[in-house]
Amino acid sequence: MSTSSLSGSCLCGAVRYTATGEEQRFYHCHCKRCRKASGTGHVSNLFLHGTLDWASGEDQLISYKLPDAERFTNTFCRICGSRMPLFFAKTGMVLIPAGSLDEEPGLVPQARIFTSSRAAWSCDGTELPGFNEYPTW
């Protein structure tokens, strides 16, 4: 795999980062924890083996570690609430919320995970109508 450099930011622009390394995996996660943390039917996370550097706003980050979960931490901008990347020093892995990226990554989503936890109303991979703007229903 080749080395990538991915940049991203939060909604308000206070937090900016660059993650550098090898893109490993890109999943849509339907677990209940991800749904609760995001308020959506799934989260889209890209995993990169490498480094995470904060260009600005690191002091604006808040992290919440779910006490009974081995692998669940939610890091977000304290100003706008946007989810931000996490670096796992033990594995050298960076978890990047794909929506925080400022450009397209080299990977496309590879799988939906924890589909047994998928909310019945959440997207299931079937095609839906698309609109460039608000529909006129």
# chains A, B, ... in the order shown; residues from 1 in each chain; ligands from 1
>>> select_by_dssp(residues="chain A", states="strand (DSSP E)", output="PyMOL selection string")
chain A and resi 3-9+16-29+43-56+61-65+73-77+86-88+93-97+111-113
>>> closest_atom_pairs(of="stretch 93-127 of chain A", to="stretch 8-18 of chain A", cutoff="8 Å", atoms="only C-alpha atoms", output="CSV")
residue,atom,partner,partner_atom,distance
A:Ser100,CA,A:Gly8,CA,5.3
A:Leu101,CA,A:Gly8,CA,4.0
A:Asp102,CA,A:Gly8,CA,4.7
A:Glu103,CA,A:Gly8,CA,7.6
>>> write_last_selection(atoms="N, CA and C atoms", output="PDB file, in the first residue's frame")
ATOM      1  N   SER A 100     -15.132  14.186   8.194  1.00  0.00           N
ATOM      2  CA  SER A 100     -14.262  15.293   8.584  1.00  0.00           C
ATOM      3  C   SER A 100     -13.166  15.566   7.561  1.00  0.00           C
ATOM      4  N   LEU A 101     -13.020  14.698   6.559  1.00  0.00           N
ATOM      5  CA  LEU A 101     -11.972  14.872   5.557  1.00  0.00           C
ATOM      6  C   LEU A 101     -12.282  16.049   4.629  1.00  0.00           C
ATOM      7  N   ASP A 102     -11.233  16.747   4.224  1.00  0.00           N
ATOM      8  CA  ASP A 102     -11.377  17.867   3.297  1.00  0.00           C
ATOM      9  C   ASP A 102     -11.246  17.443   1.838  1.00  0.00           C
ATOM     10  N   GLU A 103     -10.832  16.189   1.599  1.00  0.00           N
ATOM     11  CA  GLU A 103     -10.730  15.664   0.244  1.00  0.00           C
ATOM     12  C   GLU A 103     -11.127  14.191   0.262  1.00  0.00           C
TER      13      GLU A 103
END
>>> atom_distance(atom1="atom CA of A:Thr3", atom2="atom CA of A:Thr51")
11.0 Å
>>> residues_around(residues="A:Gly92", least_positions_apart="5", cutoff="12 Å", atoms="only C-alpha atoms", output="PDB file with N, CA and C atoms, in the first residue's frame")
ATOM      1  N   ALA A  19      -3.454  13.414   8.701  1.00  0.00           N
ATOM      2  CA  ALA A  19      -3.110  12.029   9.022  1.00  0.00           C
ATOM      3  C   ALA A  19      -2.282  11.492   7.863  1.00  0.00           C
ATOM      4  N   THR A  20      -1.146  10.881   8.192  1.00  0.00           N
ATOM      5  CA  THR A  20      -0.243  10.381   7.165  1.00  0.00           C
ATOM      6  C   THR A  20       0.064   8.912   7.425  1.00  0.00           C
ATOM      7  N   GLY A  21      -0.020   8.100   6.389  1.00  0.00           N
ATOM      8  CA  GLY A  21       0.275   6.678   6.529  1.00  0.00           C
ATOM      9  C   GLY A  21      -0.431   5.872   5.463  1.00  0.00           C
ATOM     10  N   GLU A  22      -0.609   4.593   5.745  1.00  0.00           N
ATOM     11  CA  GLU A  22      -1.248   3.677   4.808  1.00  0.00           C
ATOM     12  C   GLU A  22      -2.721   3.506   5.150  1.00  0.00           C
ATOM     13  N   GLN A  24      -5.945   1.671   5.512  1.00  0.00           N
ATOM     14  CA  GLN A  24      -6.140   0.247   5.766  1.00  0.00           C
ATOM     15  C   GLN A  24      -7.557  -0.237   5.483  1.00  0.00           C
ATOM     16  N   PHE A  47      -9.663   3.873   8.547  1.00  0.00           N
ATOM     17  CA  PHE A  47      -8.548   3.519   9.432  1.00  0.00           C
ATOM     18  C   PHE A  47      -7.256   3.617   8.650  1.00  0.00           C
ATOM     19  N   LEU A  48      -6.300   4.346   9.196  1.00  0.00           N
ATOM     20  CA  LEU A  48      -5.016   4.568   8.556  1.00  0.00           C
ATOM     21  C   LEU A  48      -3.920   4.177   9.543  1.00  0.00           C
ATOM     22  N   HIS A  49      -2.927   3.445   9.099  1.00  0.00           N
ATOM     23  CA  HIS A  49      -1.799   3.087   9.959  1.00  0.00           C
ATOM     24  C   HIS A  49      -0.721   4.140   9.736  1.00  0.00           C
ATOM     25  N   GLY A  50      -0.483   4.977  10.742  1.00  0.00           N
ATOM     26  CA  GLY A  50       0.476   6.061  10.567  1.00  0.00           C
ATOM     27  C   GLY A  50       0.469   7.051  11.708  1.00  0.00           C
ATOM     28  N   THR A  51       0.423   8.324  11.363  1.00  0.00           N
ATOM     29  CA  THR A  51       0.512   9.397  12.357  1.00  0.00           C
ATOM     30  C   THR A  51      -0.645  10.379  12.200  1.00  0.00           C
ATOM     31  N   LEU A  52      -0.898  11.104  13.262  1.00  0.00           N
ATOM     32  CA  LEU A  52      -1.929  12.135  13.280  1.00  0.00           C
ATOM     33  C   LEU A  52      -1.308  13.407  13.840  1.00  0.00           C
ATOM     34  N   LEU A  86      -9.000   9.951  16.037  1.00  0.00           N
ATOM     35  CA  LEU A  86      -8.353   9.413  17.237  1.00  0.00           C
ATOM     36  C   LEU A  86      -7.075   8.711  16.809  1.00  0.00           C
ATOM     37  N   PHE A  87      -6.045   8.804  17.626  1.00  0.00           N
ATOM     38  CA  PHE A  87      -4.811   8.059  17.378  1.00  0.00           C
ATOM     39  C   PHE A  87      -4.662   7.017  18.472  1.00  0.00           C
TER      40      PHE A  87
END
>>> atom_distance(atom1="atom CA of A:Lys32", atom2="atom CA of A:Asp124")
15.0 Å
>>> select_by_dssp(residues="chain A", states="alpha helix (DSSP H)", output="list in words")
Lys32, Arg33, Cys34, Arg35, Lys36, Ala37 and Ser38 of chain A
>>> write_last_selection(atoms="C-alpha atoms", output="compact mmCIF listing (two decimals), in the first residue's frame")
# COMPACT_ATOMS: atom_id res chain seq x y z
CA LYS A 32 -25.61 1.18 18.74
CA ARG A 33 -22.71 3.15 20.26
CA CYS A 34 -21.79 4.77 16.95
CA ARG A 35 -25.44 5.56 16.25
CA LYS A 36 -25.84 7.18 19.69
CA ALA A 37 -22.60 9.19 19.37
CA SER A 38 -23.44 10.48 15.90
>>> closest_residue(among="A:Ser82, A:Ser56, A:Thr75, A:Thr126", to="A:Gly99", atoms="only C-alpha atoms")
A:Ser82
>>> atom_distance(atom1="atom CA of A:Gly106", atom2="atom CA of A:Ser63")
27.2 Å
>>> closest_residue(among="A:Arg83, A:Arg78, A:Arg25, A:Lys65", to="A:Val43", atoms="only C-alpha atoms")
A:Arg83
>>> residues_around(residues="stretch 119-122 of chain A", least_positions_apart="2", cutoff="9 Å", atoms="only C-alpha atoms", output="list in words")
His30, Cys31, Lys32, Arg35, Thr40, Gly41, His42, Thr115, Ser116, Ser117 and Asp124 of chain A
>>> closest_residue(among="A:Met84, A:Leu46, A:Ile79, A:Tyr134", to="A:Tyr64", atoms="only C-alpha atoms")
A:Met84
